[in-house]
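Asker: Got a structure for you, input10.tsv, holding TSV, C-alpha atoms.
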chain	number	residue	atom	x	y	z
F	1	MET	CA	47.05	138.76	40.73
F	2	ASN	CA	43.81	140.01	42.22
F	3	ARG	CA	41.03	137.66	43.14
F	4	ARG	CA	37.38	138.17	43.86
F	5	SER	CA	35.22	136.13	46.19
F	6	ARG	CA	32.65	133.95	44.47
F	7	GLY	CA	32.43	130.85	46.57
F	8	SER	CA	34.44	127.69	46.43
F	9	SER	CA	35.44	126.13	43.16
F	10	SER	CA	37.32	123.03	42.12
F	11	SER	CA	36.74	122.81	38.40
F	12	SER	CA	39.18	120.81	36.35
F	13	GLY	CA	38.27	121.38	32.72
F	14	SER	CA	41.02	121.02	30.19
F	15	VAL	CA	41.66	121.69	26.56
F	16	GLY	CA	43.42	119.22	24.35
F	17	GLY	CA	42.69	116.26	26.61
F	18	ALA	CA	45.89	116.69	28.62
F	19	SER	CA	45.80	115.44	32.18
F	20	ASP	CA	48.92	117.01	33.64
F	21	SER	CA	48.38	118.74	36.97
F	22	TYR	CA	50.32	121.44	38.73
F	23	ARG	CA	50.96	121.41	42.40
F	24	ARG	CA	52.73	123.86	44.63
F	25	ARG	CA	56.45	123.68	44.18
F	26	SER	CA	57.10	122.53	47.73
F	27	ASP	CA	54.76	119.55	47.18
F	28	VAL	CA	56.50	118.16	44.09
F	29	PRO	CA	59.71	116.09	44.21
F	30	ARG	CA	62.54	117.72	42.37
F	31	ASN	CA	63.37	114.65	40.31
F	32	ARG	CA	60.15	114.66	38.30
F	33	SER	CA	58.95	116.51	35.25
F	34	ASN	CA	55.59	118.27	35.52
F	35	ASP	CA	54.39	118.48	31.92
F	36	ASN	CA	53.33	115.45	29.92
F	37	ASN	CA	52.09	117.27	26.83
F	38	LYS	CA	53.16	115.63	23.60
F	39	GLY	CA	54.19	118.93	22.11
F	40	GLY	CA	57.49	118.81	23.97
F	41	ASP	CA	56.96	122.20	25.62
F	42	SER	CA	58.45	120.99	28.87
F	43	ALA	CA	61.81	119.41	29.38
F	44	ASP	CA	62.65	116.03	30.79
F	45	VAL	CA	64.80	117.54	33.52
F	46	SER	CA	64.86	117.84	37.27
F	47	PHE	CA	63.37	121.00	38.71
F	48	ILE	CA	66.01	123.65	39.15
F	49	VAL	CA	66.16	127.29	40.14
F	50	GLY	CA	67.17	129.47	37.22
F	51	THR	CA	69.91	132.08	37.59
F	52	CYS	CA	70.00	133.60	34.09
F	53	SER	CA	69.62	137.37	34.48
F	54	SER	CA	68.95	138.24	30.85
F	55	MET	CA	66.32	137.31	28.26
F	56	CYS	CA	68.77	134.94	26.58
F	57	PRO	CA	71.62	132.95	28.19
F	58	GLU	CA	74.98	134.34	27.11
F	59	ARG	CA	76.31	131.07	25.74
F	60	GLU	CA	73.21	130.61	23.57
F	61	ARG	CA	73.48	134.17	22.28
F	62	VAL	CA	77.17	133.74	21.39
F	63	THR	CA	76.44	130.44	19.63
F	64	ARG	CA	73.58	131.88	17.62
F	65	GLU	CA	75.67	134.89	16.63
F	66	ARG	CA	78.32	132.57	15.30
F	67	LEU	CA	75.74	130.50	13.41
F	68	ARG	CA	73.92	133.63	12.14
F	69	ASP	CA	70.79	132.27	13.81
F	70	LEU	CA	69.31	135.61	14.85
F	71	SER	CA	65.77	136.78	14.23
F	72	VAL	CA	65.28	140.18	12.61
F	73	PHE	CA	64.16	141.41	16.04
F	74	GLU	CA	67.42	140.31	17.64
F	75	ARG	CA	69.95	141.83	15.26
F	76	LEU	CA	71.97	144.77	16.51
F	77	HIS	CA	71.70	147.52	13.88
F	78	GLY	CA	70.52	144.89	11.40
F	79	ASN	CA	73.73	142.86	11.66
F	80	PRO	CA	72.83	139.14	11.33
F	81	THR	CA	75.96	138.15	13.28
F	82	LYS	CA	75.59	140.52	16.21
F	83	SER	CA	73.02	140.87	18.99
F	84	SER	CA	72.86	142.16	22.55
F	85	SER	CA	71.35	141.22	25.90
F	86	ASP	CA	68.57	143.75	25.25
F	87	LEU	CA	67.54	142.12	21.96
F	88	ALA	CA	68.27	138.40	22.07
F	89	VAL	CA	65.54	136.16	23.51
F	90	LYS	CA	66.03	132.51	24.38
F	91	LYS	CA	64.70	130.14	21.71
F	92	PHE	CA	62.41	127.22	22.37
F	93	CYS	CA	64.24	123.89	22.47
F	94	ARG	CA	62.13	120.87	21.56
F	95	THR	CA	64.24	118.26	23.37
F	96	LEU	CA	66.15	118.74	26.57
F	97	SER	CA	67.80	116.35	29.01
F	98	ALA	CA	69.18	116.84	32.47
F	99	ALA	CA	72.69	116.98	31.04
F	100	ASP	CA	71.76	119.85	28.73
F	101	VAL	CA	70.35	122.22	31.33
F	102	GLN	CA	72.28	124.38	33.73
F	103	ALA	CA	70.88	126.89	36.17
F	104	SER	CA	72.61	129.65	34.22
F	105	ASP	CA	70.57	128.71	31.14
F	106	VAL	CA	67.18	129.02	32.89
F	107	ARG	CA	65.51	132.35	33.56
F	108	PRO	CA	63.89	132.94	36.98
F	109	LEU	CA	60.34	134.27	37.25
F	110	PRO	CA	61.17	138.03	37.37
F	111	VAL	CA	63.25	137.70	34.19
F	112	LEU	CA	60.50	135.68	32.50
F	113	GLU	CA	57.97	138.38	33.38
F	114	GLU	CA	60.21	141.04	31.85
F	115	THR	CA	60.83	138.85	28.80
F	116	LEU	CA	57.12	138.34	28.17
F	117	ARG	CA	56.49	142.04	28.60
F	118	TYR	CA	59.10	142.76	25.93
F	119	LEU	CA	57.76	140.10	23.55
F	120	LEU	CA	54.17	141.30	23.70
F	121	SER	CA	55.27	144.88	23.12
F	122	LEU	CA	56.32	143.74	19.63
F	123	MET	CA	52.71	142.99	18.69
F	124	ASP	CA	52.33	146.59	17.51
F	125	SER	CA	55.38	146.43	15.26
F	126	ARG	CA	54.75	147.85	11.79
F	127	GLU	CA	58.24	147.26	10.43
F	128	HIS	CA	57.48	143.65	9.52
F	129	PRO	CA	54.40	141.67	8.38
F	130	PHE	CA	52.35	140.26	11.22
F	131	GLU	CA	53.22	136.68	10.30
F	132	VAL	CA	56.90	137.51	10.93
F	133	VAL	CA	56.05	139.12	14.27
F	134	HIS	CA	53.83	136.20	15.21
F	135	ASP	CA	56.45	133.60	14.31
F	136	PHE	CA	59.02	135.24	16.60
F	137	ILE	CA	56.70	135.75	19.58
F	138	PHE	CA	55.19	132.29	19.09
F	139	ASP	CA	58.56	130.56	19.48
F	140	ARG	CA	59.80	132.73	22.34
F	141	THR	CA	56.62	132.39	24.41
F	142	ARG	CA	56.98	128.62	24.13
F	143	SER	CA	60.45	129.07	25.57
F	144	VAL	CA	58.98	131.11	28.43
F	145	ARG	CA	56.55	128.30	29.18
F	146	GLN	CA	59.40	125.81	29.00
F	147	ASP	CA	61.44	127.67	31.61
F	148	LEU	CA	58.40	127.90	33.87
F	149	SER	CA	57.86	124.16	33.56
F	150	ILE	CA	61.52	123.29	34.16
F	151	GLN	CA	61.38	125.16	37.46
F	152	ASN	CA	57.92	123.82	38.34
F	153	LEU	CA	56.60	127.33	38.89
F	154	ALA	CA	52.85	127.56	39.46
F	155	SER	CA	52.17	130.65	41.57
F	156	GLU	CA	49.61	133.39	41.00
F	157	ARG	CA	52.25	135.42	39.12
F	158	VAL	CA	52.76	132.46	36.80
F	159	ILE	CA	49.00	132.26	36.24
F	160	HIS	CA	49.08	135.86	35.08
F	161	LEU	CA	51.85	135.02	32.60
F	162	TYR	CA	49.83	132.16	31.16
F	163	GLU	CA	46.78	134.38	30.83
F	164	GLU	CA	48.80	136.87	28.82
F	165	ILE	CA	50.16	134.12	26.58
F	166	VAL	CA	46.59	132.95	25.97
F	167	ILE	CA	45.69	136.51	24.97
F	168	PHE	CA	48.55	136.49	22.47
F	169	HIS	CA	47.34	133.26	20.85
F	170	VAL	CA	43.71	134.42	20.76
F	171	ILE	CA	44.55	137.73	19.09
F	172	SER	CA	46.95	135.99	16.71
F	173	ARG	CA	44.11	133.66	15.73
F	174	GLN	CA	42.13	136.68	14.59
F	175	ARG	CA	44.93	138.57	12.89
F	176	LEU	CA	46.35	135.59	11.01
F	177	GLN	CA	43.03	135.31	9.17
F	178	SER	CA	43.80	138.54	7.35
F	179	CYS	CA	47.29	137.38	6.34
F	180	SER	CA	48.11	135.68	3.07
F	181	GLY	CA	50.84	133.26	2.12
F	182	THR	CA	51.56	129.57	1.78
F	183	SER	CA	52.60	129.17	5.43
F	184	ILE	CA	49.58	130.88	7.01
F	185	SER	CA	47.53	127.69	7.22
F	186	SER	CA	50.23	125.87	9.17
F	187	MET	CA	50.80	128.92	11.36
F	188	HIS	CA	47.10	128.99	12.22
F	189	HIS	CA	47.09	125.26	13.01
F	190	LEU	CA	50.15	125.52	15.27
F	191	ASN	CA	48.74	128.62	16.96
F	192	MET	CA	45.50	126.79	17.77
F	193	GLU	CA	47.48	123.81	19.05
F	194	GLN	CA	49.52	125.96	21.44
F	195	LEU	CA	46.42	127.91	22.50
F	196	ALA	CA	44.83	124.61	23.54
F	197	LYS	CA	47.94	123.52	25.44
F	198	THR	CA	48.34	126.87	27.18
F	199	LEU	CA	44.68	126.84	28.25
F	200	THR	CA	45.15	123.29	29.59
F	201	THR	CA	48.05	124.39	31.76
F	202	LEU	CA	46.24	127.54	32.86
F	203	TYR	CA	43.16	125.57	33.96
F	204	ASN	CA	45.35	123.15	35.91
F	205	MET	CA	47.08	126.04	37.62
F	206	TYR	CA	43.77	127.57	38.60
F	207	ASP	CA	42.93	124.27	40.31
F	208	ALA	CA	46.37	123.79	41.87
F	209	ASN	CA	46.28	127.25	43.49
F	210	ARG	CA	42.63	127.06	44.54
F	211	LYS	CA	41.70	128.56	47.88
F	212	PRO	CA	38.34	128.09	49.57
F	213	ASP	CA	35.58	130.51	48.56
F	214	TYR	CA	37.58	132.12	45.75
F	215	ILE	CA	37.90	131.95	42.01
F	216	TYR	CA	40.39	134.01	40.07
F	217	GLU	CA	39.36	137.38	38.75
F	218	ASN	CA	39.75	136.37	35.09
F	219	GLU	CA	39.09	132.65	35.46
F	220	ALA	CA	35.48	132.66	34.27
F	221	GLU	CA	36.39	134.49	31.06
F	222	PHE	CA	39.30	132.17	30.28
F	223	ARG	CA	37.17	129.11	31.07
F	224	SER	CA	34.52	130.42	28.68
F	225	LEU	CA	37.03	130.28	25.82
F	226	TYR	CA	36.87	126.48	25.94
F	227	VAL	CA	33.14	126.58	25.17
F	228	LEU	CA	33.63	129.02	22.31
F	229	LEU	CA	36.35	126.84	20.82
F	230	HIS	CA	33.90	123.92	20.83
F	231	LEU	CA	30.74	125.59	19.53
F	232	ASN	CA	31.10	123.61	16.33
F	233	THR	CA	31.53	119.93	17.10
F	234	SER	CA	33.33	119.44	13.77
F	235	SER	CA	35.83	122.24	14.36
F	236	GLY	CA	38.65	119.75	14.95
F	237	VAL	CA	39.65	121.29	18.30
F	238	MET	CA	40.63	118.48	20.63
F	239	GLY	CA	39.10	118.07	24.04
F	240	GLU	CA	36.33	116.32	25.87
F	241	PRO	CA	32.69	116.99	24.89
F	242	LEU	CA	31.07	120.04	26.42
F	243	SER	CA	28.45	117.88	28.14
F	244	LEU	CA	31.21	116.24	30.18
F	245	TRP	CA	33.28	119.38	30.56
F	246	PHE	CA	30.41	121.39	32.10
F	247	ARG	CA	29.90	118.74	34.77
F	248	LYS	CA	33.33	119.47	36.19
F	249	LEU	CA	32.64	123.16	36.77
F	250	THR	CA	31.41	124.36	40.12
F	251	SER	CA	28.11	126.15	40.45
F	252	ASN	CA	29.95	129.43	41.07
F	253	LEU	CA	31.66	129.22	37.69
F	254	ILE	CA	28.51	128.03	35.93
F	255	LYS	CA	26.57	130.99	37.32
F	256	SER	CA	29.21	133.55	36.39
F	257	LYS	CA	28.33	136.21	33.84
F	258	GLU	CA	30.92	134.94	31.37
F	259	MET	CA	29.70	131.33	31.49
F	260	CYS	CA	26.04	132.36	31.24
F	261	PHE	CA	26.96	134.30	28.12
F	262	VAL	CA	28.69	131.39	26.38
F	263	ARG	CA	25.93	128.96	27.35
F	264	LYS	CA	23.38	131.27	25.76
F	265	LEU	CA	25.61	131.61	22.71
F	266	LEU	CA	25.97	127.84	22.51
F	267	ARG	CA	22.19	127.39	22.50
F	268	SER	CA	21.74	130.02	19.80
F	269	TYR	CA	24.44	128.45	17.65
F	270	ARG	CA	23.17	124.90	17.96
F	271	ASN	CA	19.59	126.04	17.27
F	272	GLY	CA	20.57	128.14	14.28
F	273	ASN	CA	19.21	131.29	15.92
F	274	TYR	CA	21.42	133.87	14.22
F	275	ARG	CA	19.51	136.88	15.56
F	276	SER	CA	19.99	135.81	19.15
F	277	PHE	CA	23.61	134.93	18.45
F	278	LEU	CA	24.40	138.34	16.99
F	279	ARG	CA	22.52	140.31	19.62
F	280	THR	CA	24.11	138.38	22.46
F	281	THR	CA	27.58	138.75	20.99
F	282	ALA	CA	27.11	142.46	20.38
F	283	SER	CA	25.84	143.20	23.88
F	284	GLU	CA	27.84	140.83	26.07
F	285	ALA	CA	31.04	139.56	24.43
F	286	THR	CA	34.42	140.60	25.75
F	287	TYR	CA	37.21	141.22	23.28
F	288	LEU	CA	38.73	137.77	23.75
F	289	GLN	CA	35.36	136.08	23.43
F	290	TYR	CA	34.69	137.94	20.22
F	291	CYS	CA	38.06	136.95	18.72
F	292	ILE	CA	37.24	133.28	19.33
F	293	SER	CA	33.65	133.68	18.04
F	294	GLU	CA	34.51	135.50	14.83
F	295	PRO	CA	34.74	132.42	12.54
F	296	HIS	CA	31.35	131.25	13.83
F	297	ILE	CA	29.93	134.71	13.17
F	298	ARG	CA	30.96	134.46	9.55
F	299	GLU	CA	29.53	130.96	9.34
F	300	MET	CA	26.18	132.06	10.79
F	301	ARG	CA	25.84	134.93	8.35
F	302	SER	CA	26.39	132.59	5.46
F	303	PHE	CA	23.74	130.23	6.79
F	304	ALA	CA	21.25	133.08	7.23
F	305	VAL	CA	21.70	134.20	3.62
F	306	GLU	CA	21.32	130.59	2.47
F	307	CYS	CA	18.07	130.21	4.40
F	308	ILE	CA	16.63	133.42	2.96
F	309	ASN	CA	17.57	132.34	-0.53
F	310	ASN	CA	16.11	128.84	-0.18
F	311	VAL	CA	12.91	129.51	1.76
F	312	CYS	CA	11.57	132.92	0.76
F	313	TYR	CA	8.93	133.42	-1.95
F	314	LYS	CA	10.48	133.55	-5.40
F	315	LEU	CA	8.19	136.29	-6.71
F	316	GLN	CA	8.94	138.56	-3.77
F	317	PRO	CA	12.67	139.41	-3.65
F	318	TYR	CA	14.03	140.01	-0.17
F	319	PRO	CA	14.96	143.66	0.68
F	320	LEU	CA	18.64	144.01	1.51
F	321	LEU	CA	17.85	146.78	3.98
F	322	ARG	CA	15.74	144.38	6.02
F	323	LEU	CA	18.41	141.68	5.81
F	324	SER	CA	21.05	144.16	6.95
F	325	GLN	CA	18.98	144.96	10.03
F	326	TYR	CA	18.73	141.32	11.03
F	327	LEU	CA	22.40	140.64	10.33
F	328	MET	CA	23.36	143.90	12.07
F	329	MET	CA	25.41	144.94	9.04
F	330	LYS	CA	25.66	147.90	6.73
F	331	GLU	CA	23.58	147.46	3.59
F	332	MET	CA	26.65	147.77	1.38
F	333	ASP	CA	28.33	145.01	3.41
F	334	VAL	CA	25.31	142.75	2.94
F	335	GLU	CA	25.57	143.35	-0.80
F	336	SER	CA	29.22	142.31	-0.72
F	337	LEU	CA	28.35	139.27	1.40
F	338	CYS	CA	25.72	138.12	-1.09
F	339	HIS	CA	28.26	138.36	-3.90
F	340	GLU	CA	30.71	136.26	-1.87
F	341	CYS	CA	27.99	133.64	-1.56
F	342	GLY	CA	27.58	133.58	-5.33
F	343	LEU	CA	24.19	135.31	-5.28
F	344	GLU	CA	23.04	138.10	-7.57
F	345	ILE	CA	21.27	141.21	-6.38
F	346	ARG	CA	19.25	143.75	-8.29
F	347	THR	CA	17.37	147.03	-7.95
F	348	ASP	CA	13.55	146.90	-8.00
F	349	SER	CA	11.15	149.38	-9.57
F	350	ASP	CA	11.19	151.50	-6.40
F	351	GLY	CA	14.95	151.83	-6.49
F	352	SER	CA	15.52	149.50	-3.53
F	353	ILE	CA	18.24	146.86	-3.60
F	354	VAL	CA	16.80	143.38	-3.23
F	355	LEU	CA	17.96	139.78	-3.16
F	356	PRO	CA	16.12	137.55	-5.66
F	357	THR	CA	15.48	134.23	-3.93
F	358	LYS	CA	15.54	130.61	-5.08
F	359	GLN	CA	18.89	131.15	-6.79
F	360	THR	CA	20.65	127.85	-7.41
F	361	ASN	CA	24.25	129.05	-7.37
F	362	PHE	CA	24.67	129.65	-3.62
F	363	CYS	CA	28.09	128.64	-2.32
F	364	SER	CA	29.83	129.14	0.98
F	365	PRO	CA	33.45	130.19	0.37
F	366	LYS	CA	35.78	127.58	1.82
F	367	GLU	CA	38.39	130.16	2.80
F	368	GLY	CA	35.92	132.24	4.78
F	369	PHE	CA	34.55	135.74	4.33
F	370	LYS	CA	35.74	139.25	4.75
F	371	ASN	CA	35.13	140.72	8.18
F	372	TYR	CA	32.24	143.12	8.51
F	373	ASP	CA	31.38	145.52	11.29
F	374	LEU	CA	28.54	144.70	13.64
F	375	ILE	CA	26.12	147.59	13.95
F	376	GLY	CA	25.07	148.45	17.50
F	377	ILE	CA	27.98	146.79	19.24
F	378	GLU	CA	28.27	147.51	22.94
F	379	VAL	CA	31.45	145.94	24.24
F	380	GLU	CA	32.48	145.37	27.80
F	381	ARG	CA	36.10	144.41	27.38
F	382	GLU	CA	37.32	143.08	30.68
F	383	SER	CA	40.67	142.16	29.13
F	384	ASP	CA	41.46	145.71	27.99
F	385	ASP	CA	43.72	146.43	30.94
F	386	MET	CA	45.87	143.41	30.27
F	387	LEU	CA	45.95	144.16	26.56
F	388	SER	CA	46.97	147.77	27.01
F	389	LYS	CA	49.76	146.73	29.34
F	390	LYS	CA	51.10	144.74	26.43
F	391	LYS	CA	50.59	147.56	23.94
F	392	PHE	CA	47.61	145.87	22.38
F	393	THR	CA	45.73	149.17	22.46
F	394	GLU	CA	45.59	149.55	18.70
F	395	ILE	CA	44.08	146.09	18.41
F	396	CYS	CA	41.54	146.75	21.13
F	397	LEU	CA	40.38	150.04	19.60
F	398	ILE	CA	39.54	148.22	16.39
F	399	PHE	CA	36.81	146.36	18.18
F	400	LEU	CA	33.72	147.19	16.11
F	401	ILE	CA	32.54	143.62	15.89
F	402	ARG	CA	32.53	141.89	12.58
F	403	VAL	CA	29.80	139.51	12.03
F	404	PHE	CA	28.39	136.25	11.26
F	405	LYS	CA	25.56	134.25	10.00
F	406	TYR	CA	23.23	131.57	11.12
F	407	SER	CA	19.54	131.59	11.09
F	408	ASP	CA	16.62	132.29	13.23
F	409	SER	CA	15.13	131.39	9.87
F	410	CYS	CA	11.74	130.21	11.09
F	411	VAL	CA	11.15	133.58	12.75
F	412	LEU	CA	12.52	135.69	9.92
F	413	VAL	CA	11.07	133.69	7.06
F	414	GLY	CA	7.74	132.99	8.71
F	415	THR	CA	7.18	136.65	9.45
F	416	TYR	CA	8.36	138.32	6.29
F	417	CYS	CA	8.14	135.83	3.41
What does this structure look like when you write it as structure tokens?

Answerer:
Amino acid sequence: MNRRSRGSSSSSGSVGGASDSYRRRSDVPRNRSNDNNKGGDSADVSFIVGTCSSMCPERERVTRERLRDLSVFERLHGNPTKSSSDLAVKKFCRTLSAADVQASDVRPLPVLEETLRYLLSLMDSREHPFEVVHDFIFDRTRSVRQDLSIQNLASERVIHLYEEIVIFHVISRQRLQSCSGTSISSMHHLNMEQLAKTLTTLYNMYDANRKPDYIYENEAEFRSLYVLLHLNTSSGVMGEPLSLWFRKLTSNLIKSKEMCFVRKLLRSYRNGNYRSFLRTTASEATYLQYCISEPHIREMRSFAVECINNVCYKLQPYPLLRLSQYLMMKEMDVESLCHECGLEIRTDSDGSIVLPTKQTNFCSPKEGFKNYDLIGIEVERESDDMLSKKKFTEICLIFLIRVFKYSDSCVLVGTYC
């Protein structure tokens, strides 16, 4: 993995409050486990060197064929009792002991790299609903992380694998919002849980492989995701407060473009400055940063509409065209947004669509809003190369930002009401 010189760094931020640390393999005794996360992603086994040459150990594949325990992606010609070494992928096992694990059951790093490449290529599958695709990749990437942990692998190549797994969870977070079904809520919760754990491990690996005067090429962007996950203090995402987390970052990381962006976004969010939030997101957000910010964008838009409705002069309805300019939305999308908030709109004597204010039936939908494009988006997607390698191109091309609401209400209302 390429690096770029930015000065020394020794940051140790974590997500999820985990305190496990990764050291170089030669520095860690082979009779210890190196992952203390409660999720059971790592096994209680001695470190071994895997010798499995396929994506799934043969004995596991044979057992699962007999038990008809094959995913739709693993069935040979659709046969639920037959698979092949090119289709079967090792499942995640929640509990392991030293007696359960043999070297032939563990995949070495080159095989794990090939396995992850295959798994992420399924993200573009149109044969099955996304929740089915996500469920399969979700389980099998946990298995990849488990094999990495069993072998105590923490090299730069492993860091790249963890970055790609983070990308999977971030994009899944966005795409699951458009899915429907009784299990979507639990899928979203589990996805966020594993995103937090994967980021924790990734941050620890950055620190374990630190060299003087260097930070990793993508480190600042992946560190910035922690801030975006904690914009809202009531979001329920576990982890230490941002005030403490920022103290652990080096000046080189703090001064990076990605961290400056999220710090500015944090200020705008906490101050309710929706105009600054939208403009900053549109001009500076990477694709991953946008995916994490999207729920907050929707929240800010709702707040902006609420402020306009509550504060503006009742006898002077607010023009939707003007509101669309501040929210960076199409006028027809603003109209739809107002309806979602329970507000009525009307046409004035000049034929313009306006929002009558002081309406008492405003409500913020608990299940969120539809996604709307952000007008004027200029995206610098530093993660595009990684995404395209994993056939995420279709997802990346969709990136006209969809927006969000919060209010620079004192500026907007004071000037125009």

Asker: Between atom CA of Ile137 of chain F and atom CA of Arg61 of chain F, what distance in Å does the model show, to one decimal?

Answerer: 17.1 Å

Asker: Could you state the separation of atom CA of Arg346 of chain F and atom CA of Asn310 of chain F in Å, given to one decimal place?

Answerer: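 It comes out at 17.3 Å.
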
Asker: Kindly give the distance, in Å, that separates atom CA of Phe222 of chain F and atom CA of Ile159 of chain F, rounded to a single decimal.

Answerer: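 Interatomic distance here is 11.4 Å.
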
Asker: So, with all atoms listed in the file as the atoms that count, which of F:Glu344, F:Asp147, F:Glu193, F:Glu299 lies closest to Ser104 of chain F?

Answerer: F:Asp147

Asker: Check the smallest atom-to-atom distance from each of F:Leu244, F:Leu119, F:Cys312, F:Ala282 to Asp139 of chain F using only C-alpha atoms, then report the winner.

Answerer: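 The closest residue to Asp139 of chain F is F:Leu119.
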
Asker: Find the residue from F:Val305, F:Ile353, F:Val237, F:Cys179 that sits nearest to Cys341 of chain F; use all atoms listed in the file when measuring.

Answerer: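 Checking each candidate against Cys341 of chain F, we get F:Val305 as the closest.
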
Asker: Find the residue from F:Leu195, F:Val101, F:Leu202, F:Met55 that sits nearest to Asp86 of chain F; use all atoms listed in the file when measuring.

Answerer: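 Smallest distance to Asp86 of chain F is found for F:Met55.
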
Asker: Within 12 Å of segment 206-217 of chain F, which residues of segment 239-321 of chain F show up? Give each one with its shortest atom-to-atom distance in Å (one decimal) and the two atoms involved, counting only C-alpha atoms, rows by chain then rising residue number, as a Markdown table.

Answerer:
| residue | atom | partner | partner_atom | distance |
| --- | --- | --- | --- | --- |
| F:Lys248 | CA | F:Asp207 | CA | 11.5 |
| F:Leu249 | CA | F:Asp207 | CA | 10.9 |
| F:Thr250 | CA | F:Ile215 | CA | 10.2 |
| F:Ser251 | CA | F:Ile215 | CA | 11.5 |
| F:Asn252 | CA | F:Ile215 | CA | 8.4 |
| F:Leu253 | CA | F:Ile215 | CA | 8.1 |
| F:Ile254 | CA | F:Ile215 | CA | 11.9 |
| F:Ser256 | CA | F:Ile215 | CA | 10.5 |
| F:Glu258 | CA | F:Glu217 | CA | 11.5 |

Asker: Of the residues F:Gln359, F:Arg173, F:Met328, F:Lys264, which is the one nearest to Ser185 of chain F, using all atoms listed in the file?

Answerer: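 Under the stated criterion, the closest residue is F:Arg173.
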
Asker: Hey, which of F:Gln289, F:Asn273, F:Asp69, F:Phe136 ends up closest to Val166 of chain F? Count all atoms listed in the file.

Answerer: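 Checking each of F:Gln289, F:Asn273, F:Asp69, F:Phe136 against Val166 of chain F, counting all atoms listed in the file, the winner is F:Gln289.
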
Asker: Taking (73.5, 134.5, 10.5) as a centre in this file's frame and 9 Å as the limit, can you find every polymer residue with an atom that close, using only C-alpha atoms, and give them as a PyMOL selection string?

Answerer: chain F and resi 64-71+79-82

Asker: With only C-alpha atoms as the counted atoms, please give the residues lying no more than 12 Å from Ser180 of chain F, apart from itself and same-chain residues fewer than 5 positions off, as a ChimeraX atom specification.

Answerer: /F:129-132,175,185-188,367

Asker: Please list, as an NGL selection string, the residues that have an atom at most 12 Å away from (49.1, 129.1, 32.8) in the coordinates of this file, counting only C-alpha atoms.

Answerer: :F and (14 or 21-22 or 35 or 141-142 or 144-146 or 148-149 or 152-167 or 194-209 or 219 or 222)
